[in-house]
>>> print(open('protein35.csv').read())   # CSV, C-alpha atoms
chain,number,residue,atom,x,y,z
A,1,MET,CA,88.3,80.5,62.7
A,2,LYS,CA,87.9,84.2,62.9
A,3,LYS,CA,84.2,85.2,62.5
A,4,TYR,CA,84.1,89.0,63.3
A,5,ASP,CA,86.1,92.0,62.1
A,6,ILE,CA,84.2,94.6,64.0
A,7,LEU,CA,83.5,94.6,67.8
A,8,LEU,CA,80.9,97.0,69.1
A,9,ALA,CA,81.7,96.9,72.8
A,10,ASP,CA,79.8,98.4,75.7
A,11,ALA,CA,81.7,100.4,78.3
A,12,ASP,CA,80.3,100.2,81.8
A,13,ASP,CA,80.4,96.8,83.5
A,14,THR,CA,82.0,95.4,80.3
A,15,LEU,CA,85.3,97.2,79.6
A,16,LEU,CA,85.0,99.5,82.6
A,17,ASP,CA,84.3,98.4,86.2
A,18,PHE,CA,81.4,100.6,86.8
A,19,ALA,CA,80.4,99.0,90.1
A,20,LEU,CA,83.8,100.0,91.5
A,21,CYS,CA,83.6,103.4,89.9
A,22,GLU,CA,80.2,104.0,91.3
A,23,LYS,CA,81.0,102.9,94.8
A,24,THR,CA,84.1,105.1,94.9
A,25,ALA,CA,82.2,108.2,93.5
A,26,VAL,CA,79.1,107.8,95.7
A,27,THR,CA,81.1,107.2,98.8
A,28,LEU,CA,83.1,110.4,98.3
A,29,LEU,CA,79.9,112.3,97.4
A,30,PHE,CA,78.0,111.2,100.4
A,31,LYS,CA,80.9,112.1,102.7
A,32,GLU,CA,80.7,115.6,101.4
A,33,PHE,CA,77.1,115.6,102.6
A,34,GLY,CA,78.1,114.4,106.0
A,35,VAL,CA,77.0,110.8,105.4
A,36,CYS,CA,79.3,107.8,105.9
A,37,PRO,CA,77.6,105.2,103.7
A,38,ASP,CA,77.5,101.6,104.7
A,39,ASP,CA,77.1,98.7,102.2
A,40,GLY,CA,73.4,98.8,102.6
A,41,LEU,CA,73.1,102.4,101.6
A,42,LEU,CA,75.5,102.0,98.7
A,43,SER,CA,73.6,99.0,97.5
A,44,ALA,CA,70.3,100.9,97.8
A,45,TYR,CA,71.7,103.8,95.7
A,46,SER,CA,73.0,101.4,93.1
A,47,GLU,CA,69.6,99.7,92.7
A,48,HIS,CA,67.9,103.1,92.5
A,49,ASN,CA,70.3,104.3,89.8
A,50,ASP,CA,70.0,101.1,87.9
A,51,GLN,CA,66.2,101.3,87.8
A,52,LEU,CA,66.5,104.9,86.4
A,53,TRP,CA,68.8,103.6,83.6
A,54,LYS,CA,66.3,100.9,82.8
A,55,ARG,CA,63.5,103.6,82.6
A,56,LEU,CA,65.8,105.5,80.2
A,57,GLU,CA,66.3,102.4,78.0
A,58,ARG,CA,62.5,102.0,77.8
A,59,GLY,CA,62.1,105.6,76.8
A,60,GLU,CA,60.2,106.6,80.0
A,61,ILE,CA,62.6,109.4,80.9
A,62,THR,CA,65.4,111.4,79.3
A,63,ILE,CA,69.0,111.5,80.3
A,64,LYS,CA,68.4,115.0,81.8
A,65,GLN,CA,65.6,113.7,83.9
A,66,LEU,CA,67.7,110.8,85.0
A,67,VAL,CA,70.4,113.1,86.2
A,68,ALA,CA,67.9,115.4,87.9
A,69,LEU,CA,66.1,112.6,89.7
A,70,ARG,CA,68.7,110.2,90.9
A,71,PHE,CA,69.9,112.1,94.0
A,72,ALA,CA,66.8,114.3,94.6
A,73,GLU,CA,64.7,111.1,94.9
A,74,PHE,CA,67.3,109.1,96.8
A,75,PHE,CA,67.9,111.9,99.3
A,76,SER,CA,64.2,112.2,99.9
A,77,ASP,CA,63.6,108.5,100.3
A,78,HIS,CA,66.5,108.1,102.8
A,79,ASN,CA,66.2,111.3,104.7
A,80,ILE,CA,69.5,112.7,103.6
A,81,LYS,CA,69.7,116.5,103.9
A,82,GLY,CA,71.1,118.1,100.8
A,83,ASP,CA,70.4,119.7,97.5
A,84,GLY,CA,69.8,116.9,95.0
A,85,ALA,CA,70.6,119.1,92.0
A,86,TYR,CA,73.9,120.1,93.4
A,87,ALA,CA,74.7,116.5,94.3
A,88,ALA,CA,74.1,115.5,90.7
A,89,ILE,CA,76.6,118.1,89.5
A,90,ARG,CA,79.2,117.0,92.1
A,91,TYR,CA,78.6,113.3,91.3
A,92,LYS,CA,79.3,113.9,87.6
A,93,GLN,CA,82.5,115.7,88.5
A,94,ILE,CA,83.7,112.9,90.8
A,95,LEU,CA,82.6,110.1,88.5
A,96,SER,CA,84.5,111.7,85.6
A,97,ARG,CA,87.7,111.0,87.6
A,98,CYS,CA,86.9,107.3,88.3
A,99,ALA,CA,88.2,105.0,85.7
A,100,TYR,CA,89.0,101.3,86.4
A,101,LYS,CA,89.0,98.7,83.7
A,102,THR,CA,87.6,95.2,84.2
A,103,GLU,CA,90.0,92.3,84.5
A,104,GLY,CA,91.3,91.4,81.0
A,105,ALA,CA,89.8,94.4,79.2
A,106,ASP,CA,93.2,96.0,78.5
A,107,GLU,CA,94.6,92.8,77.0
A,108,LEU,CA,91.5,92.3,74.9
A,109,LEU,CA,91.8,95.8,73.4
A,110,ARG,CA,95.5,95.5,72.8
A,111,ARG,CA,95.1,92.2,71.1
A,112,CYS,CA,92.5,93.7,68.8
A,113,ARG,CA,94.7,96.5,67.6
A,114,GLY,CA,95.4,96.1,63.9
A,115,LYS,CA,93.3,93.0,63.7
A,116,VAL,CA,89.8,93.8,64.8
A,117,ARG,CA,88.2,97.3,64.7
A,118,VAL,CA,86.7,98.1,68.1
A,119,TYR,CA,84.1,100.8,68.7
A,120,ILE,CA,82.7,101.8,72.1
A,121,ILE,CA,78.9,101.9,72.4
A,122,SER,CA,77.5,103.6,75.5
A,123,ASN,CA,74.4,105.2,76.9
A,124,GLY,CA,76.5,107.2,79.3
A,125,ILE,CA,76.8,111.0,79.6
A,126,THR,CA,79.3,112.2,77.0
A,127,ASP,CA,81.5,114.4,79.1
A,128,VAL,CA,81.7,111.9,81.9
A,129,GLN,CA,82.4,108.9,79.6
A,130,THR,CA,85.0,110.6,77.5
A,131,SER,CA,86.9,111.7,80.6
A,132,ARG,CA,86.8,108.2,82.0
A,133,PHE,CA,87.8,106.5,78.7
A,134,ARG,CA,90.8,108.8,78.5
A,135,LEU,CA,91.9,108.2,82.1
A,136,ALA,CA,91.5,104.5,81.7
A,137,GLY,CA,93.7,104.5,78.6
A,138,ILE,CA,90.9,103.2,76.4
A,139,THR,CA,90.6,106.1,74.0
A,140,GLU,CA,93.8,105.3,72.2
A,141,LEU,CA,93.0,101.6,72.0
A,142,VAL,CA,89.7,101.8,70.1
A,143,ASP,CA,88.7,103.0,66.7
A,144,GLY,CA,85.8,105.2,67.7
A,145,LEU,CA,83.3,106.2,70.3
A,146,PHE,CA,79.5,106.1,69.8
A,147,LEU,CA,77.7,107.8,72.7
A,148,SER,CA,73.9,108.0,72.9
A,149,GLU,CA,73.9,111.7,73.9
A,150,ASP,CA,75.9,112.5,70.7
A,151,LEU,CA,73.8,110.3,68.4
A,152,GLY,CA,70.4,111.4,69.7
A,153,ALA,CA,69.4,107.8,70.3
A,154,LYS,CA,70.1,105.2,72.9
A,155,LYS,CA,70.5,101.4,73.2
A,156,PRO,CA,68.5,99.3,72.6
A,157,ASP,CA,66.9,101.4,69.9
A,158,PRO,CA,68.0,100.2,66.5
A,159,VAL,CA,68.3,103.8,65.5
A,160,PHE,CA,71.3,104.1,67.9
A,161,PHE,CA,73.0,101.3,65.9
A,162,GLU,CA,72.0,102.6,62.5
A,163,LYS,CA,73.5,106.0,63.3
A,164,ALA,CA,76.6,104.4,64.8
A,165,VAL,CA,77.5,102.1,62.0
A,166,SER,CA,76.8,104.7,59.3
A,167,SER,CA,80.2,106.2,60.0
A,168,ILE,CA,82.0,102.9,60.0
A,169,GLY,CA,83.7,102.2,56.6
A,170,CYS,CA,83.4,98.7,55.1
A,171,PHE,CA,80.7,97.8,57.6
A,172,CYS,CA,79.1,94.4,57.3
A,173,LYS,CA,76.5,93.1,59.7
A,174,GLU,CA,77.6,89.5,59.3
A,175,LYS,CA,81.2,90.4,60.4
A,176,THR,CA,80.1,92.5,63.4
A,177,LEU,CA,79.6,91.5,67.0
A,178,VAL,CA,77.9,93.4,69.8
A,179,TYR,CA,79.5,92.8,73.1
A,180,GLY,CA,78.1,93.9,76.5
A,181,ASP,CA,76.9,93.0,79.9
A,182,SER,CA,73.3,94.4,79.6
A,183,LEU,CA,70.7,92.0,78.1
A,184,THR,CA,68.2,94.8,77.9
A,185,ALA,CA,70.4,97.4,76.2
A,186,ASP,CA,73.3,95.7,74.4
A,187,ILE,CA,71.9,92.3,73.6
A,188,ALA,CA,68.3,93.4,72.9
A,189,GLY,CA,69.7,96.3,70.8
A,190,GLY,CA,72.0,94.1,68.7
A,191,ASN,CA,69.3,91.5,68.2
A,192,ALA,CA,66.8,94.1,67.0
A,193,PHE,CA,69.4,95.5,64.6
A,194,GLY,CA,70.3,92.1,63.2
A,195,ILE,CA,73.9,91.8,64.5
A,196,ASP,CA,75.2,88.8,66.4
A,197,THR,CA,75.5,89.4,70.1
A,198,CYS,CA,77.8,88.2,72.9
A,199,TRP,CA,76.7,88.6,76.6
A,200,TYR,CA,79.5,89.3,79.0
A,201,ASN,CA,78.3,87.6,82.2
A,202,PRO,CA,81.3,87.4,84.6
A,203,HIS,CA,79.0,86.8,87.6
A,204,ASN,CA,77.1,83.9,86.1
A,205,THR,CA,73.8,85.8,86.4
A,206,VAL,CA,70.7,83.8,85.5
A,207,ASN,CA,69.0,85.1,82.4
A,208,VAL,CA,65.3,85.5,83.1
A,209,THR,CA,64.6,88.1,80.5
A,210,GLY,CA,63.8,86.0,77.5
A,211,ILE,CA,66.4,88.0,75.6
A,212,LEU,CA,68.8,85.5,74.0
A,213,PRO,CA,72.4,86.3,72.9
A,214,ASP,CA,74.3,84.3,70.3
A,215,TYR,CA,77.1,83.8,72.7
A,216,GLU,CA,77.6,84.0,76.5
A,217,ILE,CA,81.0,84.3,78.1
A,218,ARG,CA,82.4,84.8,81.6
A,219,ASP,CA,85.9,86.2,80.7
A,220,HIS,CA,87.1,88.6,77.9
A,221,SER,CA,89.6,86.0,76.8
A,222,GLU,CA,86.7,83.8,75.6
A,223,LEU,CA,86.3,86.3,72.8
A,224,TYR,CA,89.7,85.5,71.3
A,225,PRO,CA,88.7,82.6,69.1
A,226,LEU,CA,85.7,84.5,67.7
A,227,LEU,CA,87.9,87.4,66.8
A,228,GLY,CA,90.9,85.5,65.7
A,229,ILE,CA,93.3,87.2,68.1
>>> encode(input="protein35.csv", output="structure tokens")
Amino acid sequence: MKKYDILLADADDTLLDFALCEKTAVTLLFKEFGVCPDDGLLSAYSEHNDQLWKRLERGEITIKQLVALRFAEFFSDHNIKGDGAYAAIRYKQILSRCAYKTEGADELLRRCRGKVRVYIISNGITDVQTSRFRLAGITELVDGLFLSEDLGAKKPDPVFFEKAVSSIGCFCKEKTLVYGDSLTADIAGGNAFGIDTCWYNPHNTVNVTGILPDYEIRDHSELYPLLGI
């Protein structure tokens, strides 16, 4: 039986394969700086960047500080010669052109059309995300985009969700599902706002956070019964 009419879906590592996008963009960027990154260096950058995003979620830094810090700090820590500020600008330019959907995301969105309203919820940088959504063919498949930079609030802050849903007509919490890969941003945010949550966990990651979703799935197709599609 269909339970939800509205899906608030995260973008990176949920509908978009951010791991692949990041690896592609960082590899191209580092080569511009004369560095041929191996898997160890790419993994170290990914961890460094992830920790900055966690600090953003906790309100410890702003998005502008995140952008300014990620390459300046990483270059310093790994003895890479280069201007971190310039690297941040080039990375945004390169990442804006990297758009790969996760397996099954396209079918999920196409099945939802006309049956379930889908809205993207993302903490990502507006100009980067809108470019990637367009290139991935996501923009025309969803009913709206809610980006933290535009809303002036970020996941998991309930204010983000309050501002987002204020523009959704016929909104009902009981008929809305938050869907994403991040326990600390998507699931914690949905829980705090009082909306049911579904954790997208394709890699079978062990949840050690204490943050509990209403549902946990490995594949987008497992959403179909909940959405009646």
>>> residues_near_point(input="protein35.csv", point="(69.7, 99.6, 63.0)", cutoff="10 Å", atoms="only C-alpha atoms", output="JSON, numbers by chain")
{"A": [156, 157, 158, 159, 160, 161, 162, 163, 164, 165, 166, 173, 189, 190, 191, 192, 193, 194, 195]}
>>> residues_near_point(input="protein35.csv", point="(94.1, 95.1, 74.0)", cutoff="10 Å", atoms="only C-alpha atoms", output="ChimeraX atom specification")
/A:104-113,118,138,141-142,229
>>> write_last_selection(input="protein35.csv", atoms="C-alpha atoms", output="PDB file, keeping the file's coordinate frame")
ATOM      1  CA  GLY A 104      91.300  91.400  81.000  1.00  0.00           C
ATOM      2  CA  ALA A 105      89.800  94.400  79.200  1.00  0.00           C
ATOM      3  CA  ASP A 106      93.200  96.000  78.500  1.00  0.00           C
ATOM      4  CA  GLU A 107      94.600  92.800  77.000  1.00  0.00           C
ATOM      5  CA  LEU A 108      91.500  92.300  74.900  1.00  0.00           C
ATOM      6  CA  LEU A 109      91.800  95.800  73.400  1.00  0.00           C
ATOM      7  CA  ARG A 110      95.500  95.500  72.800  1.00  0.00           C
ATOM      8  CA  ARG A 111      95.100  92.200  71.100  1.00  0.00           C
ATOM      9  CA  CYS A 112      92.500  93.700  68.800  1.00  0.00           C
ATOM     10  CA  ARG A 113      94.700  96.500  67.600  1.00  0.00           C
ATOM     11  CA  VAL A 118      86.700  98.100  68.100  1.00  0.00           C
ATOM     12  CA  ILE A 138      90.900 103.200  76.400  1.00  0.00           C
ATOM     13  CA  LEU A 141      93.000 101.600  72.000  1.00  0.00           C
ATOM     14  CA  VAL A 142      89.700 101.800  70.100  1.00  0.00           C
ATOM     15  CA  ILE A 229      93.300  87.200  68.100  1.00  0.00           C
TER      16      ILE A 229
END
>>> closest_residue(input="protein35.csv", among="A:Leu66, A:Val208, A:Leu177, A:Leu223", to="A:Tyr4", atoms="all atoms listed in the file")
A:Leu177
>>> residues_around(input="protein35.csv", residues="A:Leu29", least_positions_apart="6", cutoff="8 Å", atoms="all atoms listed in the file", output="list in words")
Ala87, Arg90, Tyr91 and Ile94 of chain A
>>> atom_distance(input="protein35.csv", atom1="atom CA of A:Leu20", atom2="atom CA of A:Thr176")
29.3 Å
>>> closest_residue(input="protein35.csv", among="A:Gly169, A:Gly228, A:Pro213, A:Gly124", to="A:Asp12", atoms="only C-alpha atoms")
A:Gly124
>>> atom_distance(input="protein35.csv", atom1="atom CA of A:Ala99", atom2="atom CA of A:Ala72")
25.0 Å
>>> atom_distance(input="protein35.csv", atom1="atom CA of A:Ser122", atom2="atom CA of A:Leu69")
20.3 Å
